[in-house]
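Trainee: Structure file entry.cif, mmCIF, C-alpha atoms, is pasted below:
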data_query
loop_
_atom_site.label_atom_id
_atom_site.label_comp_id
_atom_site.auth_asym_id
_atom_site.auth_seq_id
_atom_site.Cartn_x
_atom_site.Cartn_y
_atom_site.Cartn_z
CA MET A 1 -149.72 34.07 -106.00
CA LYS A 2 -150.43 34.13 -102.30
CA HIS A 3 -147.51 31.75 -101.78
CA ARG A 4 -145.08 34.07 -103.64
CA ILE A 5 -146.27 37.09 -101.72
CA TYR A 6 -145.64 35.24 -98.46
CA GLN A 7 -142.06 34.38 -99.52
CA ILE A 8 -141.28 37.99 -100.38
CA PHE A 9 -142.80 39.17 -97.11
CA ALA A 10 -140.75 36.62 -95.10
CA ALA A 11 -137.52 37.64 -96.84
CA GLY A 12 -138.28 41.26 -96.08
CA MET A 13 -138.81 40.44 -92.42
CA VAL A 14 -135.39 38.67 -92.28
CA CYS A 15 -133.65 41.70 -93.78
CA TYR A 16 -135.42 43.96 -91.34
CA ALA A 17 -134.40 41.74 -88.39
CA MET A 18 -130.77 41.73 -89.55
CA ALA A 19 -130.72 45.49 -89.90
CA ALA A 20 -132.27 45.88 -86.46
CA ALA A 21 -129.69 43.54 -84.98
CA LEU A 22 -126.84 45.49 -86.55
CA THR A 23 -128.30 48.73 -85.27
CA ALA A 24 -128.65 47.26 -81.78
CA CYS A 25 -125.01 46.11 -81.84
CA SER A 26 -123.89 49.58 -82.83
CA ASN A 27 -125.99 51.24 -80.17
CA ASP A 28 -124.69 48.93 -77.47
CA ASP A 29 -121.05 49.32 -78.55
CA TYR A 30 -120.77 45.56 -78.73
CA LEU A 31 -117.68 43.87 -80.15
CA GLY A 32 -116.80 40.22 -80.28
CA GLY A 33 -118.79 39.37 -77.15
CA HIS A 34 -117.46 42.36 -75.23
CA TYR A 35 -118.99 45.76 -74.59
CA THR A 36 -116.67 48.60 -75.56
CA THR A 37 -116.57 52.27 -74.66
CA ASP A 38 -116.34 53.48 -78.22
CA GLY A 39 -117.27 50.62 -80.49
CA ALA A 40 -113.71 49.40 -81.06
CA GLY A 41 -111.07 47.39 -79.27
CA VAL A 42 -107.91 45.33 -79.64
CA VAL A 43 -107.38 41.83 -78.26
CA LEU A 44 -104.67 41.84 -75.61
CA ASN A 45 -101.62 39.65 -76.26
CA VAL A 46 -99.65 38.89 -73.09
CA THR A 47 -96.11 37.92 -72.18
CA ALA A 48 -94.77 37.82 -68.63
CA GLN A 49 -91.46 37.66 -66.82
CA THR A 50 -90.55 37.07 -63.20
CA ASP A 51 -87.75 35.61 -61.11
CA LYS A 52 -89.58 32.28 -61.00
CA ALA A 53 -89.46 29.89 -63.94
CA TRP A 54 -92.87 29.77 -65.57
CA SER A 55 -94.17 26.34 -66.47
CA GLU A 56 -96.62 25.46 -69.20
CA GLY A 57 -100.09 25.51 -67.65
CA ASP A 58 -99.39 28.17 -64.98
CA VAL A 59 -102.42 30.44 -64.69
CA ILE A 60 -102.32 34.18 -63.99
CA GLY A 61 -105.30 36.46 -63.41
CA ILE A 62 -105.59 39.65 -65.49
CA ALA A 63 -107.90 42.65 -65.23
CA ALA A 64 -108.11 46.06 -66.87
CA GLY A 65 -108.28 49.18 -64.72
CA TYR A 66 -111.93 49.67 -65.61
CA GLY A 67 -112.73 46.04 -64.80
CA GLN A 68 -114.91 46.79 -61.78
CA ASN A 69 -117.37 48.44 -64.19
CA ASP A 70 -116.95 45.88 -66.95
CA GLY A 71 -117.47 42.20 -66.28
CA THR A 72 -115.60 41.26 -69.47
CA ALA A 73 -112.35 42.82 -68.19
CA ARG A 74 -112.03 41.28 -64.75
CA ASN A 75 -110.09 38.30 -63.42
CA ARG A 76 -109.56 36.59 -66.75
CA GLU A 77 -107.57 33.35 -66.70
CA TYR A 78 -104.47 33.46 -68.90
CA VAL A 79 -102.49 30.22 -69.23
CA CYS A 80 -98.74 29.93 -69.80
CA GLN A 81 -97.85 28.38 -73.15
CA ALA A 82 -95.07 25.95 -74.08
CA ASP A 83 -92.59 28.80 -74.60
CA ALA A 84 -92.81 29.57 -70.83
CA SER A 85 -93.29 33.27 -71.64
CA SER A 86 -96.52 33.93 -73.53
CA PHE A 87 -99.99 33.56 -72.01
CA LYS A 88 -103.28 32.84 -73.75
CA ASN A 89 -106.83 33.36 -72.53
CA LYS A 90 -108.40 30.14 -71.27
CA SER A 91 -112.13 30.80 -71.41
CA GLY A 92 -112.46 32.24 -74.91
CA PHE A 93 -113.29 35.68 -73.48
CA PRO A 94 -110.00 37.58 -73.82
CA ILE A 95 -109.55 41.13 -72.57
CA TYR A 96 -110.04 43.81 -75.22
CA VAL A 97 -108.19 47.10 -74.85
CA LYS A 98 -111.08 49.51 -75.26
CA GLY A 99 -109.56 52.80 -74.15
CA ASN A 100 -106.85 54.30 -71.98
CA THR A 101 -106.34 52.04 -68.99
CA CYS A 102 -103.83 50.01 -67.00
CA ILE A 103 -103.49 46.25 -66.95
CA VAL A 104 -102.96 44.50 -63.62
CA ALA A 105 -102.16 40.84 -63.06
CA TYR A 106 -101.39 38.42 -60.25
CA TYR A 107 -100.25 34.85 -59.70
CA PRO A 108 -101.38 32.31 -58.59
CA PHE A 109 -104.94 32.60 -59.92
CA VAL A 110 -107.84 32.52 -57.44
CA GLY A 111 -111.61 32.57 -57.82
CA THR A 112 -113.55 32.14 -61.04
CA ASP A 113 -112.85 33.48 -64.51
CA GLY A 114 -114.79 36.71 -65.04
CA ALA A 115 -115.76 37.15 -61.39
CA GLU A 116 -114.12 39.68 -59.08
CA PRO A 117 -111.53 37.80 -56.99
CA THR A 118 -110.72 38.13 -53.32
CA ILE A 119 -106.94 38.47 -53.00
CA THR A 120 -105.72 38.24 -49.41
CA LEU A 121 -102.18 38.43 -48.08
CA ASN A 122 -101.75 36.47 -44.86
CA THR A 123 -98.36 35.95 -43.20
CA LEU A 124 -99.48 34.80 -39.76
CA ASN A 125 -98.54 31.19 -40.48
CA GLN A 126 -95.11 31.37 -42.07
CA ASP A 127 -95.36 27.72 -43.13
CA GLU A 128 -98.44 28.41 -45.27
CA VAL A 129 -97.80 31.83 -46.82
CA THR A 130 -99.11 32.18 -50.39
CA ASP A 131 -96.26 33.81 -52.27
CA TYR A 132 -98.22 36.09 -54.60
CA TYR A 133 -96.65 37.87 -57.55
CA PHE A 134 -98.11 41.16 -58.83
CA ALA A 135 -97.65 43.09 -62.07
CA LYS A 136 -99.00 46.37 -63.41
CA ALA A 137 -98.67 47.92 -66.88
CA GLU A 138 -99.54 51.63 -67.10
CA GLY A 139 -100.41 53.73 -70.13
CA VAL A 140 -102.19 51.02 -72.10
CA THR A 141 -104.23 52.38 -75.03
CA ARG A 142 -106.24 50.99 -77.95
CA GLN A 143 -103.02 51.01 -79.95
CA THR A 144 -101.50 48.57 -77.42
CA SER A 145 -101.90 45.02 -78.71
CA GLN A 146 -98.92 43.55 -76.81
CA VAL A 147 -98.34 43.88 -73.06
CA ASN A 148 -95.30 42.54 -71.25
CA LEU A 149 -96.03 42.05 -67.55
CA ALA A 150 -93.06 42.30 -65.18
CA PHE A 151 -94.06 40.34 -62.09
CA LYS A 152 -92.42 40.73 -58.69
CA HIS A 153 -93.11 39.35 -55.25
CA ALA A 154 -96.00 40.99 -53.42
CA LEU A 155 -94.23 40.42 -50.08
CA ALA A 156 -90.91 41.46 -48.56
CA GLU A 157 -88.43 38.94 -47.20
CA VAL A 158 -86.32 39.45 -44.07
CA THR A 159 -83.74 36.97 -42.79
CA LEU A 160 -82.71 37.33 -39.14
CA LYS A 161 -79.21 36.05 -38.37
CA ILE A 162 -79.17 35.66 -34.57
CA THR A 163 -76.08 35.76 -32.38
CA ALA A 164 -76.86 35.02 -28.71
CA PRO A 165 -74.58 35.12 -25.64
CA SER A 166 -72.56 32.03 -24.78
CA GLY A 167 -74.75 29.46 -23.05
CA GLU A 168 -77.97 31.10 -24.34
CA SER A 169 -80.30 29.54 -26.88
CA ILE A 170 -83.16 31.35 -28.67
CA ASN A 171 -86.19 29.09 -28.86
CA SER A 172 -88.85 31.51 -30.11
CA CYS A 173 -89.36 35.06 -31.29
CA ARG A 174 -92.32 37.40 -31.44
CA LEU A 175 -92.71 40.20 -33.98
CA SER A 176 -95.16 42.91 -32.89
CA GLY A 177 -96.55 46.05 -34.54
CA PHE A 178 -96.75 44.56 -38.05
CA ALA A 179 -99.96 43.95 -40.01
CA GLN A 180 -100.00 40.28 -40.93
CA LYS A 181 -103.14 40.37 -43.10
CA ALA A 182 -104.22 42.62 -45.97
CA THR A 183 -106.77 42.62 -48.77
CA VAL A 184 -105.70 43.66 -52.26
CA ASN A 185 -107.79 45.63 -54.77
CA PRO A 186 -107.74 43.44 -57.92
CA TYR A 187 -107.90 46.48 -60.26
CA THR A 188 -105.24 48.73 -58.68
CA LEU A 189 -103.27 46.28 -56.45
CA ALA A 190 -103.63 48.76 -53.57
CA LYS A 191 -103.51 47.09 -50.14
CA THR A 192 -105.81 47.58 -47.17
CA LEU A 193 -103.96 46.49 -44.01
CA ASP A 194 -105.63 44.83 -41.04
CA ALA A 195 -104.70 45.85 -37.50
CA PRO A 196 -101.25 44.63 -36.36
CA GLU A 197 -101.03 41.11 -34.98
CA ASP A 198 -98.17 39.33 -33.24
CA LEU A 199 -96.24 36.88 -35.38
CA VAL A 200 -94.76 34.06 -33.30
CA VAL A 201 -92.07 31.71 -34.60
CA LYS A 202 -90.78 28.79 -32.55
CA GLY A 203 -87.74 26.56 -32.94
CA ALA A 204 -84.81 24.99 -31.17
CA ASP A 205 -81.72 27.16 -30.65
CA MET A 206 -82.63 29.36 -33.61
CA LYS A 207 -79.65 30.83 -35.45
CA SER A 208 -81.49 32.05 -38.54
CA VAL A 209 -85.14 32.90 -39.21
CA THR A 210 -86.53 33.95 -42.60
CA LEU A 211 -89.84 35.83 -42.58
CA LYS A 212 -92.10 36.87 -45.43
CA LEU A 213 -93.89 40.09 -44.47
CA ILE A 214 -96.43 42.46 -45.98
CA PRO A 215 -94.89 45.72 -47.26
CA GLN A 216 -95.93 48.55 -44.92
CA ALA A 217 -94.71 51.75 -43.33
CA LEU A 218 -93.53 51.47 -39.72
CA SER A 219 -93.01 54.08 -37.03
CA ALA A 220 -91.79 54.20 -33.44
CA ASP A 221 -94.88 56.31 -32.72
CA ASP A 222 -97.31 53.56 -33.70
CA ALA A 223 -99.77 52.49 -31.00
CA VAL A 224 -98.32 48.98 -31.19
CA LYS A 225 -94.54 49.33 -31.30
CA PRO A 226 -92.76 47.57 -34.18
CA GLN A 227 -90.43 45.35 -32.22
CA LEU A 228 -88.87 41.93 -32.14
CA VAL A 229 -88.70 39.96 -28.90
CA LEU A 230 -86.29 37.03 -28.77
CA ILE A 231 -87.17 34.51 -26.07
CA GLY A 232 -84.00 32.86 -24.79
CA SER A 233 -83.36 30.04 -22.37
CA ILE A 234 -82.00 32.55 -19.86
CA ARG A 235 -83.71 35.87 -20.68
CA SER A 236 -85.54 37.76 -23.42
CA TYR A 237 -84.31 40.56 -25.67
CA THR A 238 -86.48 43.38 -27.09
CA ILE A 239 -85.33 45.02 -30.32
CA ASP A 240 -86.85 48.15 -31.89
CA MET A 241 -87.81 47.39 -35.51
CA SER A 242 -89.35 50.75 -36.46
CA LYS A 243 -86.51 51.50 -38.90
CA LEU A 244 -87.11 48.35 -40.89
CA GLN A 245 -88.20 49.18 -44.45
CA LEU A 246 -90.50 46.66 -46.11
CA GLU A 247 -90.82 46.99 -49.87
CA ALA A 248 -92.50 44.57 -52.24
CA GLY A 249 -90.02 42.15 -53.75
CA SER A 250 -87.16 43.20 -51.47
CA SER A 251 -84.89 40.79 -49.62
CA GLN A 252 -82.67 41.86 -46.76
CA GLU A 253 -80.64 40.29 -44.02
CA ALA A 254 -80.66 41.50 -40.42
CA ILE A 255 -77.70 40.63 -38.21
CA VAL A 256 -79.25 40.38 -34.73
CA ASN A 257 -76.46 40.44 -32.14
CA VAL A 258 -77.63 40.29 -28.53
CA THR A 259 -74.44 39.13 -26.85
CA ASP A 260 -74.17 40.48 -23.30
CA GLY A 261 -77.66 41.90 -23.68
CA ILE A 262 -76.54 44.73 -25.97
CA GLY A 263 -77.22 44.26 -29.65
CA THR A 264 -77.57 45.90 -33.01
CA VAL A 265 -79.42 45.02 -36.19
CA ASP A 266 -77.56 46.00 -39.37
CA PHE A 267 -79.34 45.60 -42.69
CA VAL A 268 -77.05 44.32 -45.44
CA PRO A 269 -77.74 43.27 -49.04
CA GLY A 270 -79.61 39.99 -49.28
CA ASP A 271 -78.16 37.13 -51.28
CA SER A 272 -81.29 35.89 -53.00
CA LYS A 273 -83.35 36.07 -56.16
CA TRP A 274 -85.34 38.94 -54.72
CA GLU A 275 -84.13 42.53 -55.11
CA ASP A 276 -82.01 44.13 -52.39
CA SER A 277 -84.07 46.92 -50.82
CA GLY A 278 -81.02 49.00 -49.95
CA ALA A 279 -82.39 49.57 -46.45
CA GLY A 280 -79.95 50.54 -43.70
CA GLY A 281 -79.66 51.72 -40.11
CA ASP A 282 -78.96 50.48 -36.61
CA VAL A 283 -81.56 49.13 -34.25
CA LYS A 284 -80.62 48.98 -30.57
CA ALA A 285 -81.60 46.19 -28.23
CA GLN A 286 -83.18 47.13 -24.92
#
As structure tokens, what does this structure read like?
Mentor:
Amino acid sequence: MKHRIYQIFAAGMVCYAMAAALTACSNDDYLGGHYTTDGAGVVLNVTAQTDKAWSEGDVIGIAAGYGQNDGTARNREYVCQADASSFKNKSGFPIYVKGNTCIVAYYPFVGTDGAEPTITLNTLNQDEVTDYYFAKAEGVTRQTSQVNLAFKHALAEVTLKITAPSGESINSCRLSGFAQKATVNPYTLAKTLDAPEDLVVKGADMKSVTLKLIPQALSADDAVKPQLVLIGSIRSYTIDMSKLQLEAGSSQEAIVNVTDGIGTVDFVPGDSKWEDSGAGGDVKAQ
């Protein structure tokens, strides 16, 4: 009799523990390993497009707009599948859409899955620039189970086509007044620019220079003037660059003509995979 009473008591304790666990889950708004804001959520399915060809195994980082307050929605690794379009979560902790938010993503992936990443743009060494791609999907709700991320370059591209006077060769150039470093908020993709630094490029009788630069607003009134200095074998040429427009994903070509010491820079559509920014205007040499 004592043995039967013990069995009944033990079974009752198990039922009580299960009920308590269910109550705790409900109170904590816990779903599938992820805390939710309202006790419900939808697993995010992801596809992505960009001007680069995705390859199976490419890894992008994804976060939800509320990710800084939710460790389950930050810097999740999503891996490109064999179709070169769809991406699946790598760690087994996919992002749940738990309420109204935005989805942001970047490539290539940095840091550790689930930990807030440090995304830094640095263009000081043009031979070692990380060509980041960014994407942002607004208006995502709990009814959104599929998100298509349209990636574009985080940087702007400018090609300088240089025409120098007869007998002159341009062996280096210096770009001043431009921020060459910036940190990026991984939940909004907003940039925080560092102070401007000179970008120096050297070569032998340079006819064309392509630069990848951080998108930023420029002004002739800036403390450090946005300008380009071409260092020639005979003399140097200073060109005002304050009218240059730098937009993410844009590509433009600048015709730099400094023959006889008088030059102009005309921005014309770029012939590249990047989008033409449509920028225009003349820049006079000094």
Trainee: Distance atom CA of A:Ser86-atom CA of A:Asp131, one decimal place?
Mentor: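 Spanning atom CA of A:Ser86 to atom CA of A:Asp131 is a straight-line distance of 21.3 Å.
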Trainee: Take the PyMOL selection byres ((chain A and resi 227) around 10), run it mentally on this structure, and tell me the resulting residues as a list in words.
Mentor: Arg174, Leu175, Ser176, Gly177, Phe178, Asp198, Ala220, Val224, Lys225, Pro226, Leu228, Val229, Leu230, Thr238, Ile239, Asp240, Met241, Ser242, Lys243, Leu244, Val283 and Ala285 of chain A
Trainee: If we count all atoms listed in the file, what is near A:Ala156 at a cut-off of 9 Å, once residues fewer than 3 positions away on the same chain are taken out, given as a list in words?
Mentor: His153, Leu211, Lys212, Leu213, Ile214, Pro215, Leu246, Glu247, Ala248, Gly249, Ser250, Ser251, Gln252 and Trp274 of chain A
Trainee: Kindly give the distance, in Å, that separates atom CA of A:Asp113 and atom CA of A:Val43, rounded to a single decimal.
Mentor: 17.0 Å
Trainee: I need the residue nearest A:Asp194 from this list: A:Val265, A:Val158, A:Leu124, A:Val97. Use all atoms listed in the file for the distance.
Mentor: A:Leu124
Trainee: Which polymer residues, whether protein, DNA or RNA, lie within 12 Å of the coordinate (-117.6, 41.8, -65.5) when you count only C-alpha atoms? List them as a compact mmCIF listing (two decimals) with C-alpha atoms, in the frame of the given file, using the chain letters and numbers from the file.
Mentor:
# COMPACT_ATOMS: atom_id res chain seq x y z
CA GLY A 33 -118.79 39.37 -77.15
CA HIS A 34 -117.46 42.36 -75.23
CA TYR A 35 -118.99 45.76 -74.59
CA ALA A 63 -107.90 42.65 -65.23
CA ALA A 64 -108.11 46.06 -66.87
CA GLY A 65 -108.28 49.18 -64.72
CA TYR A 66 -111.93 49.67 -65.61
CA GLY A 67 -112.73 46.04 -64.80
CA GLN A 68 -114.91 46.79 -61.78
CA ASN A 69 -117.37 48.44 -64.19
CA ASP A 70 -116.95 45.88 -66.95
CA GLY A 71 -117.47 42.20 -66.28
CA THR A 72 -115.60 41.26 -69.47
CA ALA A 73 -112.35 42.82 -68.19
CA ARG A 74 -112.03 41.28 -64.75
CA ASN A 75 -110.09 38.30 -63.42
CA ARG A 76 -109.56 36.59 -66.75
CA PHE A 93 -113.29 35.68 -73.48
CA ILE A 95 -109.55 41.13 -72.57
CA THR A 112 -113.55 32.14 -61.04
CA ASP A 113 -112.85 33.48 -64.51
CA GLY A 114 -114.79 36.71 -65.04
CA ALA A 115 -115.76 37.15 -61.39
CA GLU A 116 -114.12 39.68 -59.08
CA PRO A 117 -111.53 37.80 -56.99
CA TYR A 187 -107.90 46.48 -60.26
Trainee: Give the answer as one residue: which of A:Cys173, A:Val256, A:Ala154, A:Ala82 has the shortest atom-to-atom distance to A:Lys191, using all atoms listed in the file?
Mentor: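 For A:Lys191, the nearest of the candidates is A:Ala154.
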Trainee: Grab the atom CA of A:Ser166 to atom CA of A:Val200 distance for me, in Å with one decimal place.
Mentor: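 Taking atom CA of A:Ser166 and atom CA of A:Val200, their separation equals 23.9 Å.
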Trainee: Which residue out of A:Gly139, A:Pro94, A:Gly261, A:Gly57 has the minimum interatomic distance to A:Pro108 when all atoms listed in the file are used?
Mentor: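 Of A:Gly139, A:Pro94, A:Gly261, A:Gly57, the one nearest A:Pro108 is A:Gly57, counting all atoms listed in the file.
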Trainee: Given the file above and the PyMOL selection byres ((chain A and resi 53) around 12), which residues are selected, and can you give them as a ChimeraX atom specification?
Mentor: /A:48-52,54-56,58,80,83-85,151,273
Trainee: Between A:Asn185, A:Thr120, A:Asn148, A:Thr192, which has the minimum distance to A:Tyr132 (counting only C-alpha atoms)?
Mentor: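 Counting only C-alpha atoms, the residue closest to A:Tyr132 is A:Thr120.
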Trainee: Using all atoms listed in the file, find each residue of stretch 133-184 of chain A with at least one atom at most 9 Å away from an atom of stretch 98-101 of chain A; report its shortest atom-to-atom pair and that distance in Å (one decimal), sort the rows by chain and rising residue number, and return the result as a tab-separated table.
Mentor:
residue	atom	partner	partner_atom	distance
A:Ala137	CA	A:Thr101	CA	9.0
A:Glu138	CA	A:Thr101	CA	7.1
A:Gly139	CA	A:Thr101	CA	6.3
A:Val140	CA	A:Thr101	CA	5.3
A:Thr141	CA	A:Asn100	CA	4.5
A:Arg142	CA	A:Gly99	CA	5.4
A:Gln143	CA	A:Gly99	CA	8.9
Trainee: Of the candidates A:Ile162, A:Ile234, A:Val104, A:Ala190, which one gets nearest to A:Lys136 if we count all atoms listed in the file?
Mentor: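 Residue with the minimum atom-to-atom distance to A:Lys136: A:Val104.
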Trainee: Under the rule that all atoms listed in the file are counted, which of A:Thr188, A:Thr123, A:Gln180, A:Thr130 is the nearest residue to A:Ile62?
Mentor: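 The closest residue to A:Ile62 is A:Thr188.
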Trainee: Can you spell out as a list in words the set of residues that the PyMOL selection byres ((chain A and resi 203) around 9) selects in the structure I just provided?
Mentor: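 Listing what the PyMOL selection byres ((chain A and resi 203) around 9) selects in the shown file: Ile170, Asn171, Ser172, Cys173, Val201, Lys202, Ala204, Asp205 and Met206 of chain A.
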